[in-house]
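*Asks:* After the structure tokens below, expect a handful of questions from me.
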Amino acid sequence: MEHREGSLKGVGGLNLYYQSWHPLGNPSAIVLIIHGLGSHSGLFSNVIEHVVKAGYAVYGLDLRGHGRSQGQRGHIRTWSEFREDLKVFLKLIEVQQPGCPRFLLGHSLGGAIVLDYVLRFPTAVQGVITMAPPLGRVGISPVKLTLGRTLSRVMPRFALNTGFAGATASRDQNVLAIAQDRLMHSRGSARLATEFLGAIAWIQSHAGDLQVPILILHGGADQVALPEGSRIFFQKIGEPDKEHHEYPQSRHALHRDLDCQEMLADLEDWLERHVKGGTLLPFRRRSMPDEYMLG
């Protein structure tokens, strides 16, 4: 596996860091990873190793205000900054890997970013994967959400601690130690909060317009982005090539939880089927009571 690093100019001339991992031969396709709030592109090592071993290249972007990218930690002026940064990233990848099939993979906040993007630009990629997308209730107190809405108008850069840390992320004690990573943070500005809520409302209202294959992966024990949101959103999706897997014991960082190998196998299987032309599978959730089954 070959590792490369680089930077690109985002909206407003901000320097954004990215890195990529490549198999020894030509990749079958490219997976673009967009991380969640407070995270960065370096926290997906097991996903990267698994996917690259299967013959795919992986590109990861540090969002503005995250990781090694410039910008106030956890702050944006408008949601469109995320969208335009991703557009620049896709153009860069097309130059480096012309004509290679591309799939967007977003975790948490990154899941919202990639859904917003493919709803607006359905021909940009061959498919989209979301892990723990925050499409319903989130584990932020109503007081903080109300405060964020209020301050967004008068103090948009004011940042609050999201409280997303520790055992809410994973049951794996080795993963909990990653919380000391100096590139991570737990900040979210008032403006980011209101822009995020507006984006989620727009995504929900346009679920029926989705025109690309989608895979939704969610932990059943996720207390950061509650799994009910994914279940409801899945039912609204108009695209027939849709698939939803829920892992009852997994938490928010399901790609780094104790049963992540099951999730990685499902991810590889979905990619393999879609790179080779795609076959449809019905919704399935493992070991859930009958009253929760959606089809």
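Here, A, B, ... name the chains of the structure tokens in the order displayed, residue numbers run from 1 inside each chain, and ligands are numbered from 1 in the same displayed order.
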Please identify which residues in region 33-152 of chain A DSSP calls strand (DSSP E or B) from the backbone, and express them as a short mmCIF file (atom, residue, chain, number, x, y, z; two decimals) with N, CA and C atoms, in the first residue's frame.

*Replies:*
```cif
data_model
loop_
_atom_site.label_atom_id
_atom_site.label_comp_id
_atom_site.auth_asym_id
_atom_site.auth_seq_id
_atom_site.Cartn_x
_atom_site.Cartn_y
_atom_site.Cartn_z
N ILE A 33 -13.33 9.39 1.73
CA ILE A 33 -13.82 9.43 3.11
C ILE A 33 -13.95 10.87 3.59
N ILE A 34 -15.14 11.20 4.11
CA ILE A 34 -15.39 12.49 4.74
C ILE A 34 -15.74 12.22 6.20
N ALA A 57 -8.60 2.33 -4.11
CA ALA A 57 -7.84 3.45 -3.56
C ALA A 57 -8.75 4.23 -2.61
N VAL A 58 -8.16 4.86 -1.61
CA VAL A 58 -8.92 5.65 -0.64
C VAL A 58 -8.33 7.05 -0.56
N TYR A 59 -9.20 8.05 -0.61
CA TYR A 59 -8.80 9.45 -0.40
C TYR A 59 -9.54 9.98 0.82
N GLY A 60 -8.83 10.69 1.67
CA GLY A 60 -9.45 11.28 2.86
C GLY A 60 -9.15 12.76 2.95
N LEU A 61 -10.17 13.57 3.20
CA LEU A 61 -10.02 15.02 3.31
C LEU A 61 -10.22 15.45 4.76
N ARG A 102 -16.03 6.38 -8.56
CA ARG A 102 -15.83 7.02 -7.26
C ARG A 102 -17.05 6.83 -6.38
N PHE A 103 -16.79 6.57 -5.10
CA PHE A 103 -17.85 6.40 -4.11
C PHE A 103 -17.55 7.31 -2.91
N LEU A 104 -18.54 8.06 -2.48
CA LEU A 104 -18.40 8.91 -1.30
C LEU A 104 -18.78 8.12 -0.05
N LEU A 105 -17.93 8.20 0.98
CA LEU A 105 -18.22 7.57 2.27
C LEU A 105 -18.12 8.65 3.35
N GLY A 106 -19.23 8.92 4.02
CA GLY A 106 -19.24 9.93 5.06
C GLY A 106 -19.64 9.37 6.40
N HIS A 107 -18.89 9.73 7.44
CA HIS A 107 -19.22 9.32 8.81
C HIS A 107 -19.79 10.50 9.58
N GLY A 127 -21.88 6.11 -6.29
CA GLY A 127 -22.63 5.66 -5.13
C GLY A 127 -22.22 6.40 -3.89
N VAL A 128 -23.02 6.25 -2.83
CA VAL A 128 -22.75 6.95 -1.57
C VAL A 128 -22.95 5.99 -0.40
N ILE A 129 -22.06 6.10 0.58
CA ILE A 129 -22.12 5.28 1.80
C ILE A 129 -22.14 6.22 2.99
N THR A 130 -23.08 6.03 3.89
CA THR A 130 -23.11 6.83 5.10
C THR A 130 -22.98 5.93 6.32
N MET A 131 -22.13 6.32 7.25
CA MET A 131 -21.96 5.62 8.51
C MET A 131 -22.42 6.54 9.64
N VAL A 138 -30.20 13.96 17.71
CA VAL A 138 -28.77 13.86 18.02
C VAL A 138 -28.58 14.06 19.51
#
```

*Asks:* Identify, on the basis of only C-alpha atoms, every residue whose closest approach to region 255-268 of chain A does not exceed 6 Å; exclude the query and any residue fewer than 4 positions from it along the same chain; express the result as a list in words.

*Replies:*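 Neighbouring residues, sequence-local ones excluded: Ser170, Arg171 and Asp172 of chain A.
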
*Asks:* Write a file of the selected residues as a PDB file, in the first residue's frame, keeping N, CA and C atoms.

*Replies:*
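File part_38.pdb, as written:
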```
ATOM      1  N   SER A 170     -17.381   4.353  21.223  1.00  0.00           N
ATOM      2  CA  SER A 170     -17.055   2.953  20.976  1.00  0.00           C
ATOM      3  C   SER A 170     -16.950   2.193  22.288  1.00  0.00           C
ATOM      4  N   ARG A 171     -17.110   0.869  22.201  1.00  0.00           N
ATOM      5  CA  ARG A 171     -16.903   0.008  23.370  1.00  0.00           C
ATOM      6  C   ARG A 171     -15.458  -0.458  23.467  1.00  0.00           C
ATOM      7  N   ASP A 172     -14.670  -0.178  22.453  1.00  0.00           N
ATOM      8  CA  ASP A 172     -13.280  -0.617  22.390  1.00  0.00           C
ATOM      9  C   ASP A 172     -12.397   0.336  23.203  1.00  0.00           C
TER      10      ASP A 172
END
```

*Asks:* Have a look at A:Phe82, A:Tyr56, A:Phe44, A:Phe196 and name the one nearest to Leu14 (chain A); count only C-alpha atoms.

*Replies:*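 Under the stated criterion, the closest residue is A:Phe82.
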
*Asks:* Do you have the CA of Arg187 (chain A)-CA of His75 (chain A) distance handy?

*Replies:* 8.3 Å

*Asks:* Using 9 Å as the limit and counting only C-alpha atoms, can you tabulate each residue of region 26-120 of chain A that touches region 208-226 of chain A, with its shortest atom-to-atom distance in Å and the two atoms involved, as JSON lines?

*Replies:*
```
{"residue": "A:Ser108", "atom": "CA", "partner": "A:Ala225", "partner_atom": "CA", "distance": 7.3}
{"residue": "A:Leu115", "atom": "CA", "partner": "A:Leu210", "partner_atom": "CA", "distance": 8.7}
{"residue": "A:Val118", "atom": "CA", "partner": "A:Val212", "partner_atom": "CA", "distance": 7.4}
{"residue": "A:Leu119", "atom": "CA", "partner": "A:Leu210", "partner_atom": "CA", "distance": 5.6}
{"residue": "A:Arg120", "atom": "CA", "partner": "A:Leu210", "partner_atom": "CA", "distance": 8.9}
```

*Asks:* From the set A:Gln97, A:Gln70, A:Asn46, A:Ser41, which residue has the shortest atom-to-atom contact distance to Asn15 (chain A), counting only C-alpha atoms?

*Replies:*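 The closest residue to Asn15 (chain A) is A:Gln70.
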
*Asks:* Would you please work out which residue, of A:Ala199, A:Asp241, A:Pro134, A:Gly6, is nearest to Ser80 (chain A) when using only C-alpha atoms?

*Replies:* A:Ala199

*Asks:* Find the residue from A:Tyr17, A:Phe234, A:Trp202, A:Phe121 that sits nearest to Gly71 (chain A); use only C-alpha atoms when measuring.

*Replies:* A:Tyr17

*Asks:* Can you work out which one of A:Leu271, A:Ile76, A:Ile203, A:Leu183 has the shortest atom-to-atom distance to Val114 (chain A), counting only C-alpha atoms?

*Replies:*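 Looking at the shortest contact to Val114 (chain A), the residue is A:Ile203.
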
*Asks:* For a quick check of understanding, using only C-alpha atoms, which of A:His274, A:Asp181, A:Gly136, A:Glu243 has the smallest distance to Glu228 (chain A)?

*Replies:*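 Between A:His274, A:Asp181, A:Gly136, A:Glu243, the residue approaching Glu228 (chain A) most closely is A:Gly136.
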
*Asks:* CA of Arg137 (chain A) and CA of Ser250 (chain A), how far apart in Å?

*Replies:*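 CA of Arg137 (chain A) lies at a distance of 17.2 Å from CA of Ser250 (chain A).
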
*Asks:* Could you find all residues in region 24-149 of chain A that DSSP calls alpha helix (DSSP H) from the backbone, and write them as a PyMOL selection string?

*Replies:* chain A and resi 45-53+80-96+109-120+142-149
